[in-house]
$ cat coords.txt   # compact mmCIF, C-alpha atoms
# COMPACT_ATOMS: atom_id res chain seq x y z
CA ASP A 1 28.45 -4.80 -13.50
CA LEU A 2 28.63 -2.94 -10.21
CA PRO A 3 29.94 -4.71 -7.10
CA ARG A 4 27.32 -6.72 -5.20
CA PHE A 5 28.10 -5.99 -1.57
CA THR A 6 24.96 -7.75 -0.37
CA ASP A 7 26.14 -11.03 -1.91
CA ARG A 8 27.92 -13.03 0.80
CA LYS A 9 30.60 -14.61 -1.41
CA TYR A 10 31.37 -11.33 -3.13
CA LEU A 11 31.52 -9.50 0.19
CA LEU A 12 33.95 -12.04 1.63
CA ARG A 13 36.23 -11.72 -1.42
CA PHE A 14 36.08 -7.93 -1.16
CA LEU A 15 36.97 -7.97 2.54
CA GLY A 16 39.72 -10.52 2.03
CA PHE A 17 41.48 -8.96 -0.95
CA ALA A 18 40.66 -5.24 -0.80
CA CYS A 19 40.35 -4.62 2.95
CA LEU A 20 42.90 -7.11 4.31
CA ALA A 21 45.40 -8.46 1.76
CA ALA A 22 46.06 -5.19 -0.10
CA PRO A 23 46.57 -2.98 3.02
CA THR A 24 48.70 -5.71 4.67
CA THR A 25 50.95 -5.97 1.61
CA ALA A 26 51.31 -2.20 1.33
CA GLY A 27 51.83 -1.89 5.09
CA THR A 28 54.60 -4.50 4.99
CA LEU A 29 56.38 -2.64 2.19
CA ASN A 30 55.96 0.61 4.11
CA ALA A 31 57.44 -0.99 7.24
CA LEU A 32 60.42 -2.36 5.27
CA ILE A 33 61.09 1.09 3.83
CA SER A 34 60.78 2.62 7.31
CA ILE A 35 63.44 0.23 8.64
CA ARG A 36 65.97 2.03 6.46
CA GLU A 37 64.83 5.29 8.03
CA ALA A 38 65.37 3.88 11.56
CA HIS A 39 61.73 4.27 12.52
CA SER A 40 61.34 3.59 16.24
CA ASP A 41 57.84 2.12 16.44
CA LEU A 42 57.46 -0.18 13.43
CA PRO A 43 54.63 -2.39 14.85
CA ALA A 44 52.45 0.64 15.57
CA LEU A 45 53.24 2.08 12.14
CA PHE A 46 52.30 -1.21 10.46
CA PHE A 47 49.10 -1.59 12.51
CA ASN A 48 47.92 1.97 11.89
CA TRP A 49 48.65 1.65 8.17
CA VAL A 50 46.69 -1.60 7.77
CA VAL A 51 43.73 -0.50 9.89
CA ALA A 52 43.46 2.98 8.41
CA HIS A 53 43.72 1.89 4.78
CA GLY A 54 41.56 -1.21 5.27
CA LEU A 55 38.79 0.85 6.83
CA GLY A 56 39.24 3.56 4.22
CA ILE A 57 38.70 1.06 1.40
CA ALA A 58 35.76 -0.54 3.23
CA VAL A 59 34.11 2.86 3.57
CA THR A 60 34.99 4.44 0.23
CA ALA A 61 34.25 1.60 -2.21
CA PRO A 62 30.59 0.99 -1.18
CA ALA A 63 30.01 4.74 -0.98
CA VAL A 64 31.29 5.27 -4.53
CA VAL A 65 29.14 2.39 -5.80
CA ALA A 66 26.14 3.92 -4.03
CA VAL A 67 26.78 7.29 -5.68
CA ILE A 68 26.93 5.58 -9.11
CA ARG A 69 23.69 3.70 -8.47
CA PHE A 70 22.12 6.78 -6.90
CA ARG A 71 21.04 8.38 -10.20
CA ILE A 72 18.81 5.48 -11.22
CA LYS A 73 16.72 5.48 -8.05
CA LYS A 74 13.59 7.40 -7.20
CA PRO A 75 13.93 10.98 -5.94
CA LEU A 76 13.12 12.05 -2.43
CA HIS A 77 9.59 13.08 -1.49
CA TRP A 78 9.57 16.42 0.27
CA HIS A 79 7.15 15.82 3.13
CA ALA A 80 8.53 12.60 4.65
CA ASP A 81 11.84 11.58 3.10
CA TRP A 82 13.57 14.96 3.19
CA LEU A 83 12.49 15.36 6.81
CA ILE A 84 14.22 12.11 7.79
CA ALA A 85 17.39 13.02 5.88
CA ALA A 86 17.46 16.51 7.43
CA LEU A 87 16.90 15.06 10.91
CA LEU A 88 19.81 12.67 10.40
CA VAL A 89 22.13 15.52 9.36
CA LEU A 90 21.03 17.72 12.30
CA VAL A 91 21.56 14.91 14.80
CA ALA A 92 25.00 14.18 13.30
CA VAL A 93 26.04 17.85 13.51
CA ALA A 94 24.82 18.03 17.12
CA ALA A 95 26.70 14.82 17.94
CA PHE A 96 29.97 15.91 16.30
CA THR A 97 30.11 19.34 17.95
CA GLN A 98 29.91 18.26 21.60
CA SER A 99 30.77 15.30 23.80
CA GLN A 100 28.52 15.86 26.82
CA LEU A 101 25.44 14.13 25.38
CA PRO A 102 25.83 10.74 23.61
CA LEU A 103 23.83 11.84 20.57
CA ILE A 104 26.13 9.94 18.26
CA PHE A 105 24.29 6.70 19.05
CA LEU A 106 21.13 8.15 17.50
CA VAL A 107 22.80 8.24 14.09
CA TYR A 108 22.56 4.47 13.55
CA PRO A 109 18.77 4.12 14.08
CA LEU A 110 18.17 7.07 11.75
CA LEU A 111 20.44 5.50 9.12
CA ALA A 112 18.47 2.26 9.41
CA LEU A 113 15.23 4.23 8.96
CA VAL A 114 16.63 5.90 5.83
CA LEU A 115 17.68 2.46 4.54
CA LEU A 116 14.21 0.97 4.99
CA ARG A 117 12.42 3.96 3.43
CA LEU A 118 14.82 5.06 0.70
CA GLY A 119 17.10 2.11 0.01
CA LEU A 120 20.79 1.34 0.34
CA GLU A 121 21.90 4.04 -2.09
CA TRP A 122 20.44 6.99 -0.17
CA SER A 123 21.57 5.66 3.21
CA THR A 124 25.14 5.12 1.99
CA VAL A 125 25.28 8.57 0.38
CA LEU A 126 24.12 10.15 3.64
CA LEU A 127 26.69 8.09 5.54
CA LEU A 128 29.36 9.43 3.19
CA VAL A 129 28.17 12.97 3.97
CA LEU A 130 28.47 12.18 7.68
CA ALA A 131 32.01 10.92 7.09
CA ILE A 132 32.99 14.28 5.59
CA ALA A 133 31.12 16.36 8.18
CA PRO A 134 33.58 16.05 11.12
CA GLY A 135 36.37 17.56 9.03
CA LEU A 136 34.21 20.50 7.97
CA ILE A 137 32.79 21.43 11.38
CA PRO A 138 34.98 24.14 12.93
CA PHE A 139 34.38 23.07 16.55
CA ARG A 140 37.80 21.65 17.38
CA GLY A 141 38.31 19.86 20.68
CA ARG A 142 34.61 19.17 21.27
CA SER A 143 34.03 16.19 19.01
CA PRO A 144 33.49 12.83 20.77
CA PHE A 145 36.03 11.34 18.37
CA GLU A 146 38.69 13.72 19.64
CA VAL A 147 37.83 12.90 23.25
CA LEU A 148 38.08 9.15 22.55
CA ALA A 149 41.28 9.59 20.55
CA SER A 150 42.91 11.49 23.42
CA ALA A 151 42.16 8.58 25.77
CA SER A 152 43.58 5.92 23.44
CA SER A 153 46.40 5.38 20.97
CA LEU A 154 44.12 5.85 17.95
CA ASN A 155 43.93 9.18 16.14
CA THR A 156 40.77 11.13 15.33
CA ASN A 157 40.66 10.11 11.66
CA LEU A 158 40.86 6.44 12.60
CA MET A 159 38.05 6.86 15.14
CA THR A 160 35.91 8.49 12.45
CA GLN A 161 36.62 5.63 10.05
CA LEU A 162 35.65 3.09 12.72
CA PHE A 163 32.36 4.94 13.23
CA ILE A 164 31.61 4.99 9.50
CA ALA A 165 32.68 1.37 9.01
CA ARG A 166 30.38 0.29 11.84
CA GLY A 167 27.54 2.20 10.19
CA LEU A 168 28.22 0.49 6.86
CA LEU A 169 28.26 -2.91 8.55
CA ILE A 170 24.84 -2.20 10.07
CA LEU A 171 23.41 -0.92 6.78
CA TYR A 172 24.64 -3.82 4.69
CA GLY A 173 23.55 -6.35 7.30
CA ILE A 174 20.00 -4.96 7.27
CA SER A 175 20.08 -4.65 3.47
CA ALA A 176 21.12 -8.30 3.05
CA VAL A 177 18.23 -9.41 5.27
CA VAL A 178 15.75 -7.19 3.41
CA GLU A 179 16.94 -8.44 -0.01
CA HIS A 180 16.70 -12.06 1.15
CA PHE A 181 13.17 -11.41 2.41
CA ARG A 182 12.14 -9.75 -0.86
CA ALA A 183 13.63 -12.60 -2.91
CA SER A 184 11.73 -15.16 -0.81
CA GLN A 185 8.57 -13.11 -1.14
CA SER A 186 9.01 -12.96 -4.92
CA ARG A 187 9.45 -16.73 -5.13
CA LEU A 188 6.33 -17.29 -3.01
CA LEU A 189 4.31 -14.95 -5.22
CA LYS A 190 5.38 -16.91 -8.31
CA ILE A 191 4.35 -20.18 -6.65
CA ALA A 192 1.01 -18.67 -5.60
CA SER A 193 0.33 -17.31 -9.08
CA LEU A 194 1.13 -20.69 -10.65
CA HIS A 195 -1.13 -22.44 -8.13
CA SER A 196 -3.95 -19.99 -8.91
CA LEU A 197 -3.45 -20.46 -12.64
CA VAL A 198 -3.75 -24.25 -12.33
CA SER A 199 -6.63 -24.29 -9.86
CA GLU A 200 -8.75 -21.64 -11.56
CA HIS A 201 -8.47 -23.12 -15.06
CA SER A 202 -8.64 -26.80 -14.23
CA ARG A 203 -11.65 -28.83 -15.43
CA ASP A 204 -11.11 -31.44 -12.72
CA ALA A 205 -12.32 -31.38 -9.13
CA ILE A 206 -9.49 -30.36 -6.80
CA ILE A 207 -9.68 -31.54 -3.20
CA MET A 208 -7.30 -29.91 -0.70
CA SER A 209 -6.63 -31.55 2.67
CA ASP A 210 -4.72 -30.28 5.68
CA LEU A 211 -2.62 -32.40 8.09
CA LYS A 212 -5.68 -33.19 10.24
CA GLY A 213 -7.65 -34.60 7.32
CA TYR A 214 -10.05 -31.72 6.81
CA ARG A 215 -10.86 -31.41 3.11
CA SER A 216 -11.99 -28.46 1.03

$ encode --input "coords.txt" --output "structure tokens"
Amino acid sequence: DLPRFTDRKYLLRFLGFACLAAPTTAGTLNALISIREAHSDLPALFFNWVVAHGLGIAVTAPAVVAVIRFRIKKPLHWHADWLIAALLVLVAVAAFTQSQLPLIFLVYPLLALVLLRLGLEWSTVLLLVLAIAPGLIPFRGRSPFEVLASASSLNTNLMTQLFIARGLLILYGISAVVEHFRASQSRLLKIASLHSLVSEHSRDAIIMSDLKGYRS
């Protein structure tokens, strides 16, 4: 069975063990080894290790699961779906190659639109493509991630991971709500079909009354 990232209990276990406990354990071992090498800034080394690897796992694992599930889903339709995917990629390229216009904030609404039209698999695959894009674009020094990294203690790769992790959080939050809505809708349809089966095949008179006493 594939991981169920939209299940709350499973997601909490994944975040606790894979994204927090494992990077913290490895970061502690790395810090202990660095003590022997007389590393000067051990707290920063430990923090960067835990954050970078925790975010890396949080981004990579759902993306890999989405790629595995991707082959069993419906293909894109040329006229509408490909247009949305292409628009998302164009906006991302425009956002990653300059820092004058805040186009990067347009990526999240487009990802949500892809999620609602194409499902979690397509949106996560496209988010994975966006995660790779900044390293492939040859416009160095113009990316908003590089501008933010120069003004803080975080490096460009960590800023990119934060951006992707935030996108995944948005996607899985919307997906959890949509799946809960669809499950509730399915249960209501079953109740309605059972009610119709009983009422349409009953030989008895059925009187329905609302809270005000009106009968039908």

$ atom_distance --input "coords.txt" --atom1 "atom CA of A:Glu200" --atom2 "atom CA of A:Gln185"
21.9 Å

$ atom_distance --input "coords.txt" --atom1 "atom CA of A:Glu121" --atom2 "atom CA of A:Gly16"
23.4 Å

$ closest_atom_pairs --input "coords.txt" --of "stretch 155-214 of chain A" --to "stretch 57-62 of chain A" --cutoff "10 Å" --atoms "only C-alpha atoms" --output "CSV"
residue,atom,partner,partner_atom,distance
A:Gln161,CA,A:Val59,CA,7.5
A:Leu162,CA,A:Val59,CA,9.3
A:Ile164,CA,A:Val59,CA,6.8
A:Ala165,CA,A:Val59,CA,5.8
A:Arg166,CA,A:Val59,CA,9.4
A:Gly167,CA,A:Val59,CA,9.4
A:Leu168,CA,A:Val59,CA,7.2
A:Leu169,CA,A:Ala58,CA,9.5
A:Tyr172,CA,A:Pro62,CA,9.6

$ atom_distance --input "coords.txt" --atom1 "atom CA of A:Ile132" --atom2 "atom CA of A:Leu45"
24.5 Å

$ closest_residue --input "coords.txt" --among "A:Leu90, A:Ala112, A:Val64, A:Leu29" --to "A:Val178" --atoms "only C-alpha atoms"
A:Ala112

$ residues_around --input "coords.txt" --residues "A:Pro23" --least-positions-apart "5" --cutoff "12 Å" --atoms "only C-alpha atoms" --output "list of chain:residue names"
A:Leu15, A:Gly16, A:Phe17, A:Ala18, A:Thr28, A:Leu29, A:Asn30, A:Ala31, A:Phe46, A:Phe47, A:Asn48, A:Trp49, A:Val50, A:Val51, A:Ala52, A:His53, A:Gly54, A:Leu55, A:Gly56, A:Ile57, A:Ala58

$ closest_residue --input "coords.txt" --among "A:Ala95, A:Val198, A:Thr160, A:Arg8" --to "A:His180" --atoms "only C-alpha atoms"
A:Arg8

$ residues_around --input "coords.txt" --residues "A:Asp7" --least-positions-apart "6" --cutoff "12 Å" --atoms "all atoms listed in the file" --output "list in words"
Arg13, Phe14, Tyr172, Gly173, Ser175, Ala176, Val177, Glu179 and His180 of chain A

$ axis_aligned_box --input "coords.txt" --around "stretch 31-36 of chain A" --padding-each-side "8 Å" --output "lines of an AutoDock Vina configuration file"
center_x = 61.7
center_y = 0.1
center_z = 6.2
size_x = 24.5
size_y = 21.0
size_z = 20.8

$ closest_residue --input "coords.txt" --among "A:Leu103, A:Ile207, A:Leu113, A:Leu2" --to "A:Asp81" --atoms "all atoms listed in the file"
A:Leu113

$ closest_residue --input "coords.txt" --among "A:Val67, A:Leu11, A:Ala26, A:Met159" --to "A:Val129" --atoms "all atoms listed in the file"
A:Val67

$ closest_residue --input "coords.txt" --among "A:Ala94, A:Leu83, A:Val107, A:Leu12" --to "A:Ile170" --atoms "only C-alpha atoms"
A:Val107
